[in-house]
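Shown here: final11.cif, mmCIF, C-alpha atoms and all ligand atoms.
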data_final
#
loop_
_atom_site.label_atom_id
_atom_site.label_comp_id
_atom_site.auth_asym_id
_atom_site.auth_seq_id
_atom_site.Cartn_x
_atom_site.Cartn_y
_atom_site.Cartn_z
CA MET Z 1 -14.21 25.58 -19.12
CA ILE Z 2 -16.99 23.24 -17.98
CA ASN Z 3 -19.63 25.58 -19.46
CA THR Z 4 -18.14 25.13 -22.92
CA LEU Z 5 -18.98 21.42 -22.72
CA ALA Z 6 -22.65 21.81 -21.76
CA GLU Z 7 -25.15 24.49 -20.83
CA PRO Z 8 -25.24 25.09 -17.06
CA GLY Z 9 -28.70 23.52 -16.78
CA LYS Z 10 -27.44 20.34 -18.40
CA ILE Z 11 -24.55 19.61 -16.07
CA PHE Z 12 -25.25 16.83 -13.56
CA PHE Z 13 -22.95 16.00 -10.66
CA ILE Z 14 -22.62 12.66 -8.92
CA THR Z 15 -20.83 12.16 -5.61
CA ASP Z 16 -21.12 10.12 -2.43
CA GLU Z 17 -22.58 10.99 0.98
CA ASN Z 18 -19.19 11.34 2.73
CA ILE Z 19 -17.86 13.81 0.20
CA TYR Z 20 -21.11 15.75 0.10
CA GLN Z 21 -21.20 16.06 3.91
CA LEU Z 22 -17.57 17.21 4.11
CA HIS Z 23 -17.66 19.60 1.12
CA PRO Z 24 -21.27 20.83 0.68
CA GLU Z 25 -20.05 24.21 -0.61
CA LYS Z 26 -18.55 22.57 -3.70
CA PHE Z 27 -22.01 21.47 -4.82
CA SER Z 28 -24.17 24.47 -3.97
CA GLY Z 29 -26.70 25.30 -6.68
CA LYS Z 30 -25.74 22.23 -8.73
CA LYS Z 31 -27.91 19.41 -10.05
CA LEU Z 32 -26.65 16.62 -7.87
CA ILE Z 33 -27.06 12.89 -7.31
CA VAL Z 34 -25.63 11.71 -3.96
CA LEU Z 35 -24.93 7.99 -3.62
CA PRO Z 36 -24.18 5.89 -0.55
CA PRO Z 37 -20.40 5.43 -0.21
CA GLY Z 38 -18.36 2.29 -0.69
CA GLU Z 39 -17.38 -0.51 -3.01
CA LYS Z 40 -20.52 -2.50 -2.17
CA PHE Z 41 -22.53 0.12 -4.08
CA LYS Z 42 -20.36 -0.16 -7.20
CA LYS Z 43 -22.90 -2.39 -8.89
CA GLN Z 44 -25.42 -2.39 -11.69
CA SER Z 45 -28.40 -1.53 -9.46
CA THR Z 46 -26.65 1.69 -8.38
CA ALA Z 47 -25.96 2.55 -12.03
CA ASP Z 48 -29.67 1.91 -12.71
CA ASP Z 49 -30.63 4.27 -9.86
CA VAL Z 50 -28.40 6.99 -11.31
CA ILE Z 51 -29.97 6.47 -14.74
CA LEU Z 52 -33.50 6.81 -13.27
CA ARG Z 53 -32.48 10.06 -11.56
CA LEU Z 54 -31.00 11.36 -14.82
CA ILE Z 55 -34.29 10.58 -16.59
CA GLU Z 56 -36.25 12.38 -13.82
CA MET Z 57 -33.95 15.38 -14.15
CA GLU Z 58 -34.38 15.31 -17.95
CA ALA Z 59 -30.73 14.76 -18.81
CA ASP Z 60 -30.42 14.52 -22.59
CA ARG Z 61 -27.75 13.86 -25.18
CA ASP Z 62 -26.22 17.30 -24.70
CA SER Z 63 -25.79 16.73 -20.97
CA LEU Z 64 -22.54 16.39 -19.09
CA LEU Z 65 -22.14 14.03 -16.12
CA VAL Z 66 -19.41 15.00 -13.66
CA GLY Z 67 -18.24 12.40 -11.13
CA VAL Z 68 -16.74 13.94 -7.98
CA GLY Z 69 -15.27 11.28 -5.75
CA GLY Z 70 -13.00 8.34 -5.20
CA GLY Z 71 -12.57 5.47 -7.63
CA VAL Z 72 -16.03 4.08 -6.90
CA ILE Z 73 -17.71 7.30 -8.01
CA THR Z 74 -15.36 7.94 -10.96
CA ASP Z 75 -15.88 4.34 -12.18
CA LEU Z 76 -19.67 4.67 -11.82
CA ALA Z 77 -19.82 8.11 -13.44
CA GLY Z 78 -17.70 6.94 -16.38
CA TYR Z 79 -19.83 3.83 -16.78
CA VAL Z 80 -23.23 5.54 -16.61
CA SER Z 81 -22.06 8.27 -18.99
CA SER Z 82 -21.00 5.65 -21.51
CA ILE Z 83 -24.34 3.79 -21.53
CA TYR Z 84 -26.98 6.49 -20.82
CA LEU Z 85 -28.58 7.40 -24.18
CA ARG Z 86 -25.71 5.36 -25.70
CA GLY Z 87 -23.23 7.83 -24.32
CA ILE Z 88 -23.13 11.37 -22.95
CA LYS Z 89 -20.15 13.55 -22.04
CA CYS Z 90 -18.37 12.94 -18.77
CA GLY Z 91 -15.86 14.79 -16.58
CA LEU Z 92 -14.10 13.51 -13.48
CA VAL Z 93 -12.97 15.26 -10.29
CA PRO Z 94 -10.99 12.69 -8.25
CA THR Z 95 -11.06 13.23 -4.48
CA THR Z 96 -8.89 10.36 -3.16
CA ILE Z 97 -5.18 9.75 -3.77
CA LEU Z 98 -6.14 6.46 -5.44
CA ALA Z 99 -8.54 8.11 -7.86
CA MET Z 100 -6.09 10.96 -8.56
CA VAL Z 101 -3.14 8.72 -9.46
CA ASP Z 102 -5.03 5.84 -11.00
CA ALA Z 103 -8.80 5.33 -11.21
CA CYS Z 104 -9.74 8.49 -13.09
CA ILE Z 105 -7.01 8.11 -15.74
CA GLY Z 106 -7.32 5.94 -18.80
CA GLY Z 107 -11.06 5.70 -19.39
CA LYS Z 108 -11.70 2.29 -17.82
CA ASN Z 109 -14.93 2.24 -15.87
CA GLY Z 110 -17.44 -0.30 -14.67
CA VAL Z 111 -19.22 -2.08 -11.87
CA ASP Z 112 -18.69 -5.26 -9.88
CA VAL Z 113 -20.92 -8.30 -10.28
CA GLY Z 114 -21.12 -10.05 -6.89
CA VAL Z 115 -17.54 -10.83 -5.92
CA TYR Z 116 -16.28 -10.34 -9.48
CA LYS Z 117 -14.50 -6.96 -9.67
CA ASN Z 118 -15.15 -4.67 -12.63
CA LEU Z 119 -16.64 -7.53 -14.65
CA VAL Z 120 -18.95 -5.19 -16.56
CA GLY Z 121 -17.85 -1.87 -17.97
CA THR Z 122 -16.54 0.07 -20.91
CA ILE Z 123 -13.51 2.10 -21.93
CA LYS Z 124 -14.50 5.71 -22.51
CA GLN Z 125 -12.21 8.69 -22.05
CA PRO Z 126 -13.62 11.60 -20.00
CA GLU Z 127 -13.78 15.08 -21.53
CA PHE Z 128 -11.72 16.44 -18.66
CA LEU Z 129 -10.06 15.63 -15.34
CA LEU Z 130 -10.02 18.33 -12.70
CA TYR Z 131 -7.64 18.09 -9.75
CA ASP Z 132 -8.84 20.01 -6.70
CA TYR Z 133 -6.31 19.19 -3.97
CA THR Z 134 -8.43 20.85 -1.27
CA PHE Z 135 -10.46 17.63 -1.19
CA LEU Z 136 -7.40 15.89 0.29
CA THR Z 137 -7.66 17.96 3.49
CA THR Z 138 -10.51 15.72 4.63
CA LEU Z 139 -9.21 12.39 3.32
CA PRO Z 140 -8.88 9.88 6.20
CA LYS Z 141 -5.41 8.39 6.73
CA LYS Z 142 -6.62 4.91 5.78
CA GLU Z 143 -7.52 6.26 2.33
CA TRP Z 144 -4.06 7.82 1.94
CA ILE Z 145 -2.61 4.38 2.72
CA ASN Z 146 -4.89 2.81 0.10
CA GLY Z 147 -3.74 5.25 -2.56
CA PHE Z 148 -0.08 4.57 -1.92
CA ALA Z 149 -0.51 0.97 -3.07
CA GLU Z 150 -1.06 2.25 -6.62
CA ILE Z 151 1.82 4.73 -6.31
CA ILE Z 152 4.15 1.90 -5.23
CA LYS Z 153 2.77 -0.18 -8.13
CA HIS Z 154 3.74 2.54 -10.60
CA ALA Z 155 7.23 2.70 -9.11
CA CYS Z 156 7.61 -1.10 -9.36
CA ILE Z 157 6.62 -1.42 -13.00
CA ARG Z 158 8.16 1.77 -14.44
CA ASP Z 159 10.13 4.07 -12.18
CA GLU Z 160 12.97 2.92 -9.92
CA ASP Z 161 13.76 6.54 -8.97
CA LEU Z 162 10.22 6.94 -7.68
CA PHE Z 163 10.68 3.75 -5.63
CA ILE Z 164 13.84 5.23 -4.06
CA GLN Z 165 12.06 8.57 -3.45
CA LEU Z 166 9.30 6.69 -1.61
CA GLU Z 167 11.88 4.77 0.44
CA ASN Z 168 13.36 8.10 1.53
CA SER Z 169 10.02 9.67 2.40
CA SER Z 170 7.12 8.74 4.68
CA LEU Z 171 3.36 8.90 4.71
CA GLU Z 172 3.34 11.22 7.73
CA GLU Z 173 5.67 13.66 5.97
CA LEU Z 174 3.66 13.58 2.73
CA ILE Z 175 0.25 14.06 4.38
CA ILE Z 176 1.37 17.43 5.75
CA SER Z 177 3.25 18.56 2.60
CA PRO Z 178 0.74 19.62 -0.08
CA LEU Z 179 3.44 20.67 -2.56
CA LEU Z 180 5.30 17.37 -2.27
CA VAL Z 181 2.04 15.46 -2.67
CA ALA Z 182 1.02 17.52 -5.70
CA SER Z 183 4.33 16.76 -7.42
CA LEU Z 184 4.09 13.07 -6.49
CA ILE Z 185 0.57 12.91 -7.93
CA LYS Z 186 1.73 14.67 -11.12
CA ARG Z 187 4.55 12.17 -11.57
CA ASN Z 188 2.13 9.26 -11.15
CA VAL Z 189 -0.41 10.77 -13.53
CA GLU Z 190 2.39 11.03 -16.12
CA ILE Z 191 3.40 7.38 -15.64
CA LYS Z 192 -0.16 6.13 -16.10
CA TYR Z 193 -1.03 8.61 -18.84
CA ASN Z 194 2.07 7.70 -20.88
CA ILE Z 195 1.22 4.02 -20.71
CA VAL Z 196 -2.49 4.30 -21.50
CA SER Z 197 -2.05 6.85 -24.27
CA ARG Z 198 0.25 4.42 -26.10
CA ASP Z 199 -2.07 1.46 -25.47
CA PRO Z 200 -5.63 2.71 -24.79
CA LEU Z 201 -7.30 -0.65 -25.40
CA GLU Z 202 -4.89 -2.75 -23.31
CA MET Z 203 -3.41 -4.80 -26.12
CA GLY Z 204 0.11 -4.78 -24.63
CA GLU Z 205 1.95 -2.34 -22.38
CA ARG Z 206 -1.17 -1.23 -20.46
CA ARG Z 207 -1.36 -4.71 -18.97
CA LEU Z 208 1.60 -3.75 -16.75
CA LEU Z 209 -0.77 -1.56 -14.74
CA ASN Z 210 -2.41 -4.76 -13.54
CA PHE Z 211 0.64 -5.62 -11.41
CA GLY Z 212 -0.75 -6.93 -8.12
CA HIS Z 213 -4.31 -6.77 -9.43
CA THR Z 214 -4.90 -10.33 -10.67
CA LEU Z 215 -4.73 -11.83 -7.20
CA GLY Z 216 -5.72 -8.46 -5.69
CA HIS Z 217 -9.07 -8.37 -7.47
CA ALA Z 218 -9.74 -12.02 -6.60
CA ILE Z 219 -9.31 -11.39 -2.84
CA GLU Z 220 -10.76 -7.85 -2.63
CA ASN Z 221 -14.41 -8.72 -2.49
CA ILE Z 222 -14.11 -12.20 -0.94
CA TYR Z 223 -12.32 -10.79 2.11
CA HIS Z 224 -13.89 -7.29 1.95
CA LEU Z 225 -10.46 -5.66 1.71
CA PRO Z 226 -9.88 -2.03 0.73
CA HIS Z 227 -8.66 -1.95 -2.89
CA GLY Z 228 -5.14 -0.80 -1.95
CA HIS Z 229 -4.73 -3.54 0.67
CA ALA Z 230 -5.78 -6.20 -1.83
CA VAL Z 231 -3.35 -4.82 -4.42
CA SER Z 232 -0.54 -4.72 -1.86
CA ILE Z 233 -1.00 -8.40 -0.99
CA GLY Z 234 -1.30 -9.12 -4.73
CA MET Z 235 2.00 -7.31 -5.45
CA ILE Z 236 3.88 -9.43 -2.93
CA ALA Z 237 2.40 -12.62 -4.42
CA ALA Z 238 3.35 -11.43 -7.92
CA ALA Z 239 6.86 -10.52 -6.72
CA LYS Z 240 7.26 -14.03 -5.28
CA LEU Z 241 6.16 -15.49 -8.63
CA SER Z 242 8.64 -13.12 -10.29
CA LYS Z 243 11.43 -14.64 -8.19
CA ARG Z 244 10.53 -18.06 -9.56
CA LEU Z 245 9.85 -17.07 -13.17
CA SER Z 246 11.53 -13.82 -14.19
CA GLY Z 247 14.79 -13.42 -12.29
CA PHE Z 248 13.50 -10.99 -9.65
CA THR Z 249 15.85 -11.13 -6.67
CA GLN Z 250 15.24 -11.92 -2.99
CA SER Z 251 16.60 -8.47 -2.16
CA GLY Z 252 14.06 -6.90 -4.57
CA LEU Z 253 11.29 -8.83 -2.82
CA GLU Z 254 12.51 -7.67 0.59
CA LYS Z 255 12.72 -4.04 -0.56
CA LEU Z 256 9.18 -4.16 -1.90
CA SER Z 257 7.88 -5.77 1.27
CA SER Z 258 9.62 -3.12 3.45
CA LEU Z 259 8.27 -0.27 1.33
CA LEU Z 260 4.70 -1.57 1.52
CA LYS Z 261 5.03 -1.97 5.30
CA LYS Z 262 6.53 1.54 5.58
CA TYR Z 263 3.36 2.87 3.93
CA GLN Z 264 1.32 0.73 6.36
CA LEU Z 265 0.04 -1.67 3.73
CA PRO Z 266 -0.49 -5.39 4.43
CA THR Z 267 1.75 -7.93 2.69
CA GLU Z 268 0.17 -11.21 3.77
CA LEU Z 269 -3.23 -12.85 3.98
CA LYS Z 270 -4.17 -16.36 4.91
CA MET Z 271 -6.53 -17.27 2.09
CA ASP Z 272 -8.75 -20.10 0.99
CA ILE Z 273 -6.86 -20.76 -2.22
CA GLU Z 274 -9.64 -22.85 -3.81
CA LYS Z 275 -12.15 -20.04 -3.33
CA VAL Z 276 -9.67 -17.46 -4.61
CA TRP Z 277 -8.84 -19.62 -7.63
CA GLN Z 278 -12.51 -19.81 -8.69
CA ILE Z 279 -12.63 -15.99 -8.86
CA LEU Z 280 -9.16 -15.60 -10.32
CA ILE Z 281 -9.90 -17.75 -13.39
CA MET Z 282 -12.72 -15.34 -14.32
CA ASP Z 283 -10.15 -12.52 -14.55
CA LYS Z 284 -10.25 -10.47 -17.73
CA LYS Z 285 -6.55 -11.20 -18.32
CA ARG Z 286 -7.28 -14.89 -18.84
CA SER Z 287 -7.19 -16.13 -22.38
CA GLY Z 288 -8.01 -19.82 -22.81
CA ASN Z 289 -5.65 -21.88 -20.68
CA GLN Z 290 -3.33 -19.01 -19.94
CA MET Z 291 -3.30 -15.96 -17.73
CA LYS Z 292 -1.30 -12.90 -18.72
CA PHE Z 293 0.35 -12.32 -15.37
CA ILE Z 294 2.36 -9.19 -14.56
CA LEU Z 295 5.74 -9.92 -13.06
CA LEU Z 296 8.82 -7.87 -12.23
CA HIS Z 297 12.17 -8.33 -13.90
CA LYS Z 298 13.59 -5.83 -11.42
CA ILE Z 299 12.27 -2.86 -9.46
CA GLY Z 300 11.19 -0.31 -12.07
CA GLU Z 301 10.69 -2.90 -14.82
CA GLY Z 302 7.46 -4.87 -15.11
CA ILE Z 303 6.90 -7.58 -17.72
CA VAL Z 304 3.85 -9.42 -19.06
CA LYS Z 305 4.23 -13.18 -18.75
CA PRO Z 306 1.65 -15.68 -19.97
CA ILE Z 307 1.44 -18.50 -17.43
CA GLY Z 308 -0.48 -21.76 -18.01
CA LEU Z 309 -3.40 -22.13 -15.60
CA ASP Z 310 -2.14 -25.47 -14.24
CA GLU Z 311 1.30 -24.03 -13.52
CA LEU Z 312 -0.25 -20.91 -11.98
CA SER Z 313 -2.53 -22.96 -9.75
CA ASN Z 314 0.43 -25.01 -8.48
CA LEU Z 315 2.57 -21.92 -7.91
CA LEU Z 316 -0.18 -20.15 -5.96
CA LYS Z 317 -0.70 -23.21 -3.74
CA GLU Z 318 3.04 -23.20 -2.96
CA LEU Z 319 2.99 -19.50 -2.10
CA ASN Z 320 0.06 -19.71 0.31
N1 LIG T 401 -10.91 2.67 -13.52
C1 LIG T 401 -9.69 2.39 -13.17
O1 LIG T 401 -8.75 2.40 -13.97
C2 LIG T 401 -9.42 2.07 -11.73
C3 LIG T 401 -8.10 1.98 -11.27
C4 LIG T 401 -7.88 1.74 -9.92
C5 LIG T 401 -8.95 1.57 -9.05
N2 LIG T 401 -10.22 1.65 -9.54
C6 LIG T 401 -11.36 1.47 -8.65
O2 LIG T 401 -11.33 2.47 -7.65
C7 LIG T 401 -12.08 2.00 -6.52
C8 LIG T 401 -11.35 2.38 -5.26
O3 LIG T 401 -11.23 3.80 -5.22
P1 LIG T 401 -11.10 4.58 -3.84
O4 LIG T 401 -10.09 3.91 -3.00
O5 LIG T 401 -10.94 6.00 -4.17
O6 LIG T 401 -12.49 4.23 -3.14
P2 LIG T 401 -13.82 5.06 -2.78
O7 LIG T 401 -14.34 5.79 -3.93
O8 LIG T 401 -14.71 4.05 -2.13
O9 LIG T 401 -13.33 6.11 -1.69
C9 LIG T 401 -12.85 5.64 -0.46
C10 LIG T 401 -13.56 6.31 0.72
O10 LIG T 401 -13.11 7.65 0.83
C11 LIG T 401 -14.22 8.55 0.92
N3 LIG T 401 -13.75 9.80 0.33
C12 LIG T 401 -13.50 10.06 -0.97
N4 LIG T 401 -12.95 11.28 -1.11
C13 LIG T 401 -12.89 11.82 0.13
C14 LIG T 401 -12.40 13.05 0.65
N5 LIG T 401 -11.83 13.95 -0.14
N6 LIG T 401 -12.50 13.26 1.98
C15 LIG T 401 -13.02 12.33 2.80
N7 LIG T 401 -13.47 11.12 2.38
C16 LIG T 401 -13.41 10.88 1.06
C17 LIG T 401 -15.33 7.86 0.19
O11 LIG T 401 -16.59 8.30 0.60
C18 LIG T 401 -15.08 6.39 0.57
O12 LIG T 401 -15.65 6.13 1.83
C19 LIG T 401 -12.24 0.50 -6.69
O13 LIG T 401 -13.58 0.23 -7.03
C20 LIG T 401 -11.34 0.18 -7.85
O14 LIG T 401 -11.79 -0.91 -8.61
C21 LIG T 401 -10.46 1.90 -10.85
#
Re-express the file's structure as structure tokens.
Amino acid sequence: MINTLAEPGKIFFITDENIYQLHPEKFSGKKLIVLPPGEKFKKQSTADDVILRLIEMEADRDSLLVGVGGGVITDLAGYVSSIYLRGIKCGLVPTTILAMVDACIGGKNGVDVGVYKNLVGTIKQPEFLLYDYTFLTTLPKKEWINGFAEIIKHACIRDEDLFIQLENSSLEELIISPLLVASLIKRNVEIKYNIVSRDPLEMGERRLLNFGHTLGHAIENIYHLPHGHAVSIGMIAAAKLSKRLSGFTQSGLEKLSSLLKKYQLPTELKMDIEKVWQILIMDKKRSGNQMKFILLHKIGEGIVKPIGLDELSNLLKELN
């Protein structure tokens, strides 16, 4: 299939050192760019390095860039492919749970600017997504935990049955059950795909996918938290706001908190609220004096609620 998108000599792969060391056979004989791993390399200078390598390797407009990795690599590959020569084709092979259920779907890509998450980027759909579950055999447990934050997010905003399924399951059971995991991933891909295909440019419904991410993104790089941990803490903060503003119940909050803890995700963080606020107000969901915050009406039903910045600031101070 891949050879119908570009000639073999014009297919360029990008991955990170961890993945390359664990799965060298997947890349044998391929034109490959290997990047250092981690969020701290998801920045413009790394994108520039990739572009220089593509120039050296004579990638042209007919080339295809394939990102093989977690969300950092899929975000970088999508971003570089959308700006190199004003856009070349791109394919994504997600290798973490988080990238499989979330990061590689929907076409959003980008890089961080200092502590500001994903401040620069584009929306460009890849030509293909390829799911190779054998990558998961080497995924460290902490990365499974990270990925489950986005799975729990999907359950919260759209799928109460999925929430109940997760309550009745466990990480330990899932890690050793490839078929169960494959069906769980498929269900999550469908949830995200259905939302983004109806609203590709995030004018409405797609905003729901930001549940937990407004505060999550603000604390992720300040406190050097894994993405899933930041989102988990952000979901609890958003659920507490939901209790105040959208009729979410105390029992809903307790269920969410128990589920996150069951999947070994953190629910609390002592934060410097002033510092967090300075980052939060740069969020892409801000419009003038309002922030489009994602709240829960109940488990399985997310809503978009514009909140005035003054009110939001006061509420966050009370929550901390
Ligand atoms: N574009 C989007 O819509 C979107 C959505 C959600 C998250 N994201 C982004 O995704 C990023 C987080 O993604 P992530 O959690 O996958 O992080 P990541 O890409 O940093 O991967 C996490 C770690 O796992 C390692 N790894 C990856 N696959 C492996 C494998 N199969 N075996 C062993 N180790 C492996 C990596 O080397 C890295 O150390 C964040 O930058 C976030 O902003 C983007």
Seminar exercise, completed: The distance between atom CA of Z:Leu92 and atom CA of Z:His227 is 19.5 Å
Exercise. Got a sec to check which residues lie within 8 Å of ligand LIG 401 (chain T), using all atoms listed in the file, and send them as an MDAnalysis selection string?
Worked result: chainID Z and resid 16:19 22 37:39 42 69:75 94:99 102:111 117:118 134:140 143 146:147 150 226:228
Problem set entry | Contact residues around stretch 271-274 of chain Z with only C-alpha atoms at 10 Å, ignoring same-chain residues under 3 positions, as a list in words |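 Residues near the query, excluding close chain neighbours: Ile219, Ile222, Tyr223, Glu268, Trp277, Gln278, Ile279, Leu280, Ser313, Leu316, Lys317, Leu319 and Asn320 of chain Z.
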Problem set entry | Separation of atom CA of Z:Glu25 from atom CA of Z:Ser177, in Å and rounded to one decimal | 24.2 Å
Problem set entry | Between atom CA of Z:His217 and atom CA of Z:Ala239, distance in Å (one decimal) | 16.1 Å
For this session: Return the single residue from Z:Gly87, Z:Val80, Z:Ile307, Z:His23 that is closest to Z:Gln290, with distances computed using all atoms listed in the file.
Result: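 Closest to Z:Gln290, using all atoms listed in the file: Z:Ile307.
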For this session: Point out the residue among Z:Tyr79, Z:Ala218, Z:Thr4, Z:Tyr133 with the least atom-to-atom distance to Z:Pro178, counting all atoms listed in the file.
Result: Z:Tyr133
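Restricting the calculation to all atoms listed in the file, the smallest distance between Z:Ala182 and any of Z:Glu205, Z:Asp132, Z:Glu220, Z:Asp159 is found for Z:Asp132.
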Problem set entry | Residue contacts of stretch 231-233 of chain Z (8 Å, all atoms listed in the file) excluding same-chain residues fewer than 5 positions away, as a list in words | Ala149, Glu150, Gly212, His213, Leu215, Gly216, His217, Leu260, Leu265, Pro266, Thr267, Glu268 and Leu269 of chain Z
Output the selection as an mmCIF file, in the coordinates of the input - C-alpha atoms for each residue.
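Saved to part23.cif:
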data_model
loop_
_atom_site.group_PDB
_atom_site.id
_atom_site.type_symbol
_atom_site.label_atom_id
_atom_site.label_comp_id
_atom_site.auth_asym_id
_atom_site.auth_seq_id
_atom_site.Cartn_x
_atom_site.Cartn_y
_atom_site.Cartn_z
ATOM 1 C CA ALA Z 149 -0.510 0.970 -3.070
ATOM 2 C CA GLU Z 150 -1.060 2.250 -6.620
ATOM 3 C CA GLY Z 212 -0.750 -6.930 -8.120
ATOM 4 C CA HIS Z 213 -4.310 -6.770 -9.430
ATOM 5 C CA LEU Z 215 -4.730 -11.830 -7.200
ATOM 6 C CA GLY Z 216 -5.720 -8.460 -5.690
ATOM 7 C CA HIS Z 217 -9.070 -8.370 -7.470
ATOM 8 C CA LEU Z 260 4.700 -1.570 1.520
ATOM 9 C CA LEU Z 265 0.040 -1.670 3.730
ATOM 10 C CA PRO Z 266 -0.490 -5.390 4.430
ATOM 11 C CA THR Z 267 1.750 -7.930 2.690
ATOM 12 C CA GLU Z 268 0.170 -11.210 3.770
ATOM 13 C CA LEU Z 269 -3.230 -12.850 3.980
#
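Distances from Z:Pro306, Z:Ile299, Z:Glu172, Z:Leu209 to Z:Ser287 were compared using only C-alpha atoms, and the smallest one belongs to Z:Pro306.
Among the candidates Z:His229, Z:Arg86, Z:Lys270, Z:His297, the one nearest to Z:Gln250 when counting all atoms listed in the file is Z:His297.
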